[in-house]
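Asks: Contents of start.pdb (PDB, C-alpha atoms):
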```pdb
MODEL        1
ATOM      1  CA  MET L 756     -13.619 -27.694  44.405  1.00  0.00           C
ATOM      2  CA  GLY L 757     -10.668 -25.246  44.738  1.00  0.00           C
ATOM      3  CA  GLU L 758      -8.367 -27.832  43.172  1.00  0.00           C
ATOM      4  CA  PHE L 759     -10.563 -27.867  40.030  1.00  0.00           C
ATOM      5  CA  TRP L 760     -10.124 -24.107  39.485  1.00  0.00           C
ATOM      6  CA  VAL L 761      -6.356 -24.353  40.036  1.00  0.00           C
ATOM      7  CA  LYS L 762      -6.165 -27.038  37.310  1.00  0.00           C
ATOM      8  CA  ILE L 763      -8.241 -24.911  34.926  1.00  0.00           C
ATOM      9  CA  LEU L 764      -6.102 -21.831  35.604  1.00  0.00           C
ATOM     10  CA  PHE L 765      -2.913 -23.888  35.162  1.00  0.00           C
ATOM     11  CA  MET L 766      -4.147 -25.234  31.786  1.00  0.00           C
ATOM     12  CA  VAL L 767      -5.040 -21.726  30.622  1.00  0.00           C
ATOM     13  CA  VAL L 768      -1.603 -20.381  31.563  1.00  0.00           C
ATOM     14  CA  VAL L 769       0.249 -23.306  29.952  1.00  0.00           C
ATOM     15  CA  GLY L 770      -1.886 -22.995  26.797  1.00  0.00           C
ATOM     16  CA  ALA L 771      -1.212 -19.255  26.604  1.00  0.00           C
ATOM     17  CA  VAL L 772       2.550 -19.752  26.988  1.00  0.00           C
ATOM     18  CA  ILE L 773       2.684 -22.513  24.364  1.00  0.00           C
ATOM     19  CA  GLY L 774       0.452 -20.564  21.957  1.00  0.00           C
ATOM     20  CA  SER L 775       2.445 -17.359  22.266  1.00  0.00           C
ATOM     21  CA  PHE L 776       5.738 -19.244  21.762  1.00  0.00           C
ATOM     22  CA  THR L 777       4.498 -21.004  18.618  1.00  0.00           C
ATOM     23  CA  ASN L 778       3.070 -17.756  17.216  1.00  0.00           C
ATOM     24  CA  LEU L 779       6.364 -15.971  17.878  1.00  0.00           C
ATOM     25  CA  LEU L 780       8.301 -18.795  16.208  1.00  0.00           C
ATOM     26  CA  ALA L 781       5.966 -18.837  13.187  1.00  0.00           C
ATOM     27  CA  ILE L 782       6.185 -15.078  12.652  1.00  0.00           C
ATOM     28  CA  ARG L 783       9.966 -15.144  12.939  1.00  0.00           C
ATOM     29  CA  MET L 784      10.160 -18.011  10.457  1.00  0.00           C
ATOM     30  CA  LEU L 785       8.019 -16.088   7.976  1.00  0.00           C
ATOM     31  CA  PHE L 786      10.047 -12.877   8.064  1.00  0.00           C
ATOM     32  CA  ARG L 787      13.554 -13.737   9.313  1.00  0.00           C
ATOM     33  CA  PRO L 788      16.352 -14.161   8.410  1.00  0.00           C
ATOM     34  CA  TYR L 789      16.441 -11.825   5.423  1.00  0.00           C
ATOM     35  CA  LYS L 790      19.303 -13.632   3.697  1.00  0.00           C
ATOM     36  CA  PRO L 791      20.257 -17.326   3.503  1.00  0.00           C
ATOM     37  CA  ILE L 792      22.554 -18.631   6.231  1.00  0.00           C
ATOM     38  CA  HIS L 793      25.311 -21.029   5.182  1.00  0.00           C
ATOM     39  CA  ILE L 794      27.186 -23.349   7.533  1.00  0.00           C
ATOM     40  CA  PHE L 795      30.054 -25.433   6.092  1.00  0.00           C
ATOM     41  CA  GLY L 796      28.956 -24.472   2.589  1.00  0.00           C
ATOM     42  CA  LYS L 797      25.397 -25.734   3.032  1.00  0.00           C
ATOM     43  CA  GLN L 798      22.350 -23.538   3.383  1.00  0.00           C
ATOM     44  CA  LEU L 799      20.337 -23.929   6.552  1.00  0.00           C
ATOM     45  CA  PRO L 800      16.747 -24.973   5.867  1.00  0.00           C
ATOM     46  CA  PHE L 801      14.050 -22.306   6.118  1.00  0.00           C
ATOM     47  CA  THR L 802      16.539 -19.502   5.403  1.00  0.00           C
ATOM     48  CA  PRO L 803      15.779 -16.910   4.247  1.00  0.00           C
ATOM     49  CA  GLY L 804      12.297 -16.618   5.692  1.00  0.00           C
ATOM     50  CA  LEU L 805       9.367 -17.426   3.435  1.00  0.00           C
ATOM     51  CA  ILE L 806       8.342 -13.815   2.753  1.00  0.00           C
ATOM     52  CA  PRO L 807      11.832 -12.441   1.926  1.00  0.00           C
ATOM     53  CA  LYS L 808      12.499 -15.514  -0.238  1.00  0.00           C
ATOM     54  CA  ARG L 809       9.333 -15.011  -2.301  1.00  0.00           C
ATOM     55  CA  GLN L 810       9.145 -11.209  -2.165  1.00  0.00           C
ATOM     56  CA  ASP L 811       9.059 -10.724  -5.951  1.00  0.00           C
ATOM     57  CA  GLU L 812       6.283 -13.280  -6.428  1.00  0.00           C
ATOM     58  CA  LEU L 813       4.298 -11.840  -3.523  1.00  0.00           C
ATOM     59  CA  ALA L 814       4.617  -8.303  -4.904  1.00  0.00           C
ATOM     60  CA  LYS L 815       3.408  -9.409  -8.349  1.00  0.00           C
ATOM     61  CA  GLN L 816       0.422 -11.259  -6.900  1.00  0.00           C
ATOM     62  CA  LEU L 817      -0.574  -8.354  -4.652  1.00  0.00           C
ATOM     63  CA  GLY L 818      -0.298  -5.942  -7.578  1.00  0.00           C
ATOM     64  CA  LYS L 819      -2.457  -8.217  -9.701  1.00  0.00           C
ATOM     65  CA  LEU L 820      -5.027  -8.466  -6.896  1.00  0.00           C
ATOM     66  CA  VAL L 821      -5.233  -4.686  -6.558  1.00  0.00           C
ATOM     67  CA  VAL L 822      -5.553  -4.133 -10.309  1.00  0.00           C
ATOM     68  CA  ASP L 823      -8.063  -6.934 -10.895  1.00  0.00           C
ATOM     69  CA  HIS L 824     -10.334  -6.506  -7.896  1.00  0.00           C
ATOM     70  CA  LEU L 825      -9.783  -3.218  -6.064  1.00  0.00           C
ATOM     71  CA  ILE L 826      -9.083  -0.599  -8.721  1.00  0.00           C
ATOM     72  CA  THR L 827     -11.276  -1.491 -11.649  1.00  0.00           C
ATOM     73  CA  PRO L 828     -12.458   0.911 -14.358  1.00  0.00           C
ATOM     74  CA  GLU L 829     -15.999   0.477 -13.071  1.00  0.00           C
ATOM     75  CA  SER L 830     -15.078   1.458  -9.517  1.00  0.00           C
ATOM     76  CA  ILE L 831     -13.163   4.533 -10.686  1.00  0.00           C
ATOM     77  CA  GLN L 832     -16.010   5.528 -12.981  1.00  0.00           C
ATOM     78  CA  SER L 833     -18.581   5.150 -10.218  1.00  0.00           C
ATOM     79  CA  LYS L 834     -16.506   7.388  -7.914  1.00  0.00           C
ATOM     80  CA  VAL L 835     -15.761  10.071 -10.515  1.00  0.00           C
ATOM     81  CA  ILE L 836     -18.998  10.195 -12.447  1.00  0.00           C
ATOM     82  CA  ASN L 837     -21.671  10.960  -9.918  1.00  0.00           C
ATOM     83  CA  ASP L 838     -23.606  14.136  -9.186  1.00  0.00           C
ATOM     84  CA  ALA L 839     -21.664  15.086  -6.055  1.00  0.00           C
ATOM     85  CA  SER L 840     -18.212  14.777  -7.628  1.00  0.00           C
ATOM     86  CA  ILE L 841     -19.281  16.587 -10.805  1.00  0.00           C
ATOM     87  CA  GLN L 842     -20.667  19.439  -8.697  1.00  0.00           C
ATOM     88  CA  ASN L 843     -17.430  19.572  -6.667  1.00  0.00           C
ATOM     89  CA  MET L 844     -15.360  19.660  -9.879  1.00  0.00           C
ATOM     90  CA  LYS L 845     -17.483  22.512 -11.259  1.00  0.00           C
ATOM     91  CA  ILE L 846     -17.031  24.528  -8.075  1.00  0.00           C
ATOM     92  CA  PHE L 847     -13.269  23.897  -8.084  1.00  0.00           C
ATOM     93  CA  VAL L 848     -12.832  24.850 -11.743  1.00  0.00           C
ATOM     94  CA  GLN L 849     -14.939  27.991 -11.339  1.00  0.00           C
ATOM     95  CA  ALA L 850     -12.869  29.076  -8.331  1.00  0.00           C
ATOM     96  CA  GLU L 851      -9.597  28.476 -10.201  1.00  0.00           C
ATOM     97  CA  VAL L 852     -10.817  30.378 -13.275  1.00  0.00           C
ATOM     98  CA  LYS L 853     -11.916  33.323 -11.096  1.00  0.00           C
ATOM     99  CA  LYS L 854      -8.532  33.297  -9.375  1.00  0.00           C
ATOM    100  CA  ALA L 855      -6.702  33.247 -12.724  1.00  0.00           C
ATOM    101  CA  LEU L 856      -8.852  36.068 -14.131  1.00  0.00           C
ATOM    102  CA  SER L 857      -8.401  38.265 -11.080  1.00  0.00           C
ATOM    103  CA  THR L 858      -4.575  38.237 -11.316  1.00  0.00           C
ATOM    104  CA  GLN L 859      -2.636  40.774 -13.322  1.00  0.00           C
ATOM    105  CA  LYS L 860      -0.527  38.115 -15.037  1.00  0.00           C
ATOM    106  CA  SER L 861      -0.450  37.601 -18.779  1.00  0.00           C
ATOM    107  CA  THR L 862      -1.526  34.374 -20.382  1.00  0.00           C
ATOM    108  CA  ALA L 863       2.102  33.376 -20.958  1.00  0.00           C
ATOM    109  CA  GLN L 864       2.919  33.982 -17.291  1.00  0.00           C
ATOM    110  CA  LEU L 865      -0.081  31.909 -16.180  1.00  0.00           C
ATOM    111  CA  LEU L 866       0.939  29.043 -18.472  1.00  0.00           C
ATOM    112  CA  ASP L 867       4.528  29.271 -17.216  1.00  0.00           C
ATOM    113  CA  SER L 868       3.291  29.042 -13.618  1.00  0.00           C
ATOM    114  CA  LEU L 869       1.431  25.850 -14.616  1.00  0.00           C
ATOM    115  CA  GLY L 870       4.667  24.348 -15.913  1.00  0.00           C
ATOM    116  CA  MET L 871       4.137  25.020 -19.608  1.00  0.00           C
ATOM    117  CA  LYS L 872       7.440  26.617 -20.591  1.00  0.00           C
ATOM    118  CA  ASN L 873       7.800  28.426 -23.925  1.00  0.00           C
ATOM    119  CA  SER L 874       4.027  28.451 -24.240  1.00  0.00           C
ATOM    120  CA  SER L 875       3.912  31.616 -26.362  1.00  0.00           C
ATOM    121  CA  PHE L 876       6.350  30.073 -28.875  1.00  0.00           C
ATOM    122  CA  THR L 877       4.309  26.848 -28.999  1.00  0.00           C
ATOM    123  CA  LEU L 878       1.025  28.722 -29.426  1.00  0.00           C
ATOM    124  CA  GLU L 879       2.420  30.789 -32.278  1.00  0.00           C
ATOM    125  CA  GLN L 880       3.651  27.636 -34.018  1.00  0.00           C
ATOM    126  CA  ARG L 881       0.248  25.994 -33.843  1.00  0.00           C
TER     127      ARG L 881
ENDMDL
END
```
Written as structure tokens, that's how I'd like the structure from this file.
Replies:
Amino acid sequence: MGEFWVKILFMVVVGAVIGSFTNLLAIRMLFRPYKPIHIFGKQLPFTPGLIPKRQDELAKQLGKLVVDHLITPESIQSKVINDASIQNMKIFVQAEVKKALSTQKSTAQLLDSLGMKNSSFTLEQR
């Protein structure tokens, strides 16, 4: 009976070693090397790794996935236009307006602090 458990344990250990080696090899083949390797003027197969070789295509596809499925106009609208977010925006705007009104700065100074340079000249033109 003890011999049975030794065989089972041996198979588990051998399976774990083989599995970890193949996983390590597969991951390294996906990501490394970053550039093609040439020997005697010929490129070694599987260089560069699959992901560095197709990085531009992968980036385009991931961008398309994000735009088409993750960040849609409907999802943004559902997050922005709901009672809780509208209430939070009102509170924020009211606090900012109170803060702006309580300062001793002129309108031109306030607009300059917001990054609107030459605001008095632009307002007079309009």
Asks: Quick one: pull the distance between CA of Tyr789 (chain L) and CA of Leu805 (chain L), Å, one decimal.
Replies: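 Between CA of Tyr789 (chain L) and CA of Leu805 (chain L) the gap is 9.2 Å.
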Asks: Write out as an MDAnalysis selection string each polymer residue whose atoms come within 10 Å of Pro803 (chain L), counting only C-alpha atoms; drop sequence neighbours fewer than 3 positions from it.
Replies: chainID L and resid 784:792 798:800 806:809
Asks: What is the CA of Gly757 (chain L)-CA of Val769 (chain L) distance in Å, reported with one decimal?
Replies: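 If I compute the distance from CA of Gly757 (chain L) to CA of Val769 (chain L), I get 18.5 Å.
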Asks: When you look at region 844-848 of chain L with a cut-off of 10 Å (counting only C-alpha atoms), what residues show up, excluding the ones that are within fewer than 6 positions of it in the same chain? I need them as a PyMOL selection string.
Replies: chain L and resi 835+838+854
Asks: Take CA of Gln849 (chain L) and CA of Leu869 (chain L) and report the distance between them in Å, one decimal.
Replies: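 One can read the CA of Gln849 (chain L) to CA of Leu869 (chain L) distance as 16.8 Å.
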Asks: To test the calculation: enclose all listed atoms of region 855-858 of chain L in a box whose edges run along x, y and z, add 8 Å on each side, then state centre and edge lengths in Å to one decimal, as AutoDock Vina command-line options.
Replies:
```
--center_x -6.7 --center_y 35.8 --center_z -12.6 --size_x 20.3 --size_y 21.0 --size_z 19.1
```
Asks: Out of L:Lys819, L:Phe795, L:Gly804, L:Leu764, which residue has the shortest atom-to-atom distance to Leu780 (chain L) when counting all atoms listed in the file?
Replies: L:Gly804
Asks: Pick out the closest residue to Ala855 (chain L) from this set: L:Ser868, L:Asn843, L:Ser833, L:Thr777. Count all atoms listed in the file.
Replies: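 Looking only at the distances to Ala855 (chain L), the closest residue turns out to be L:Ser868.
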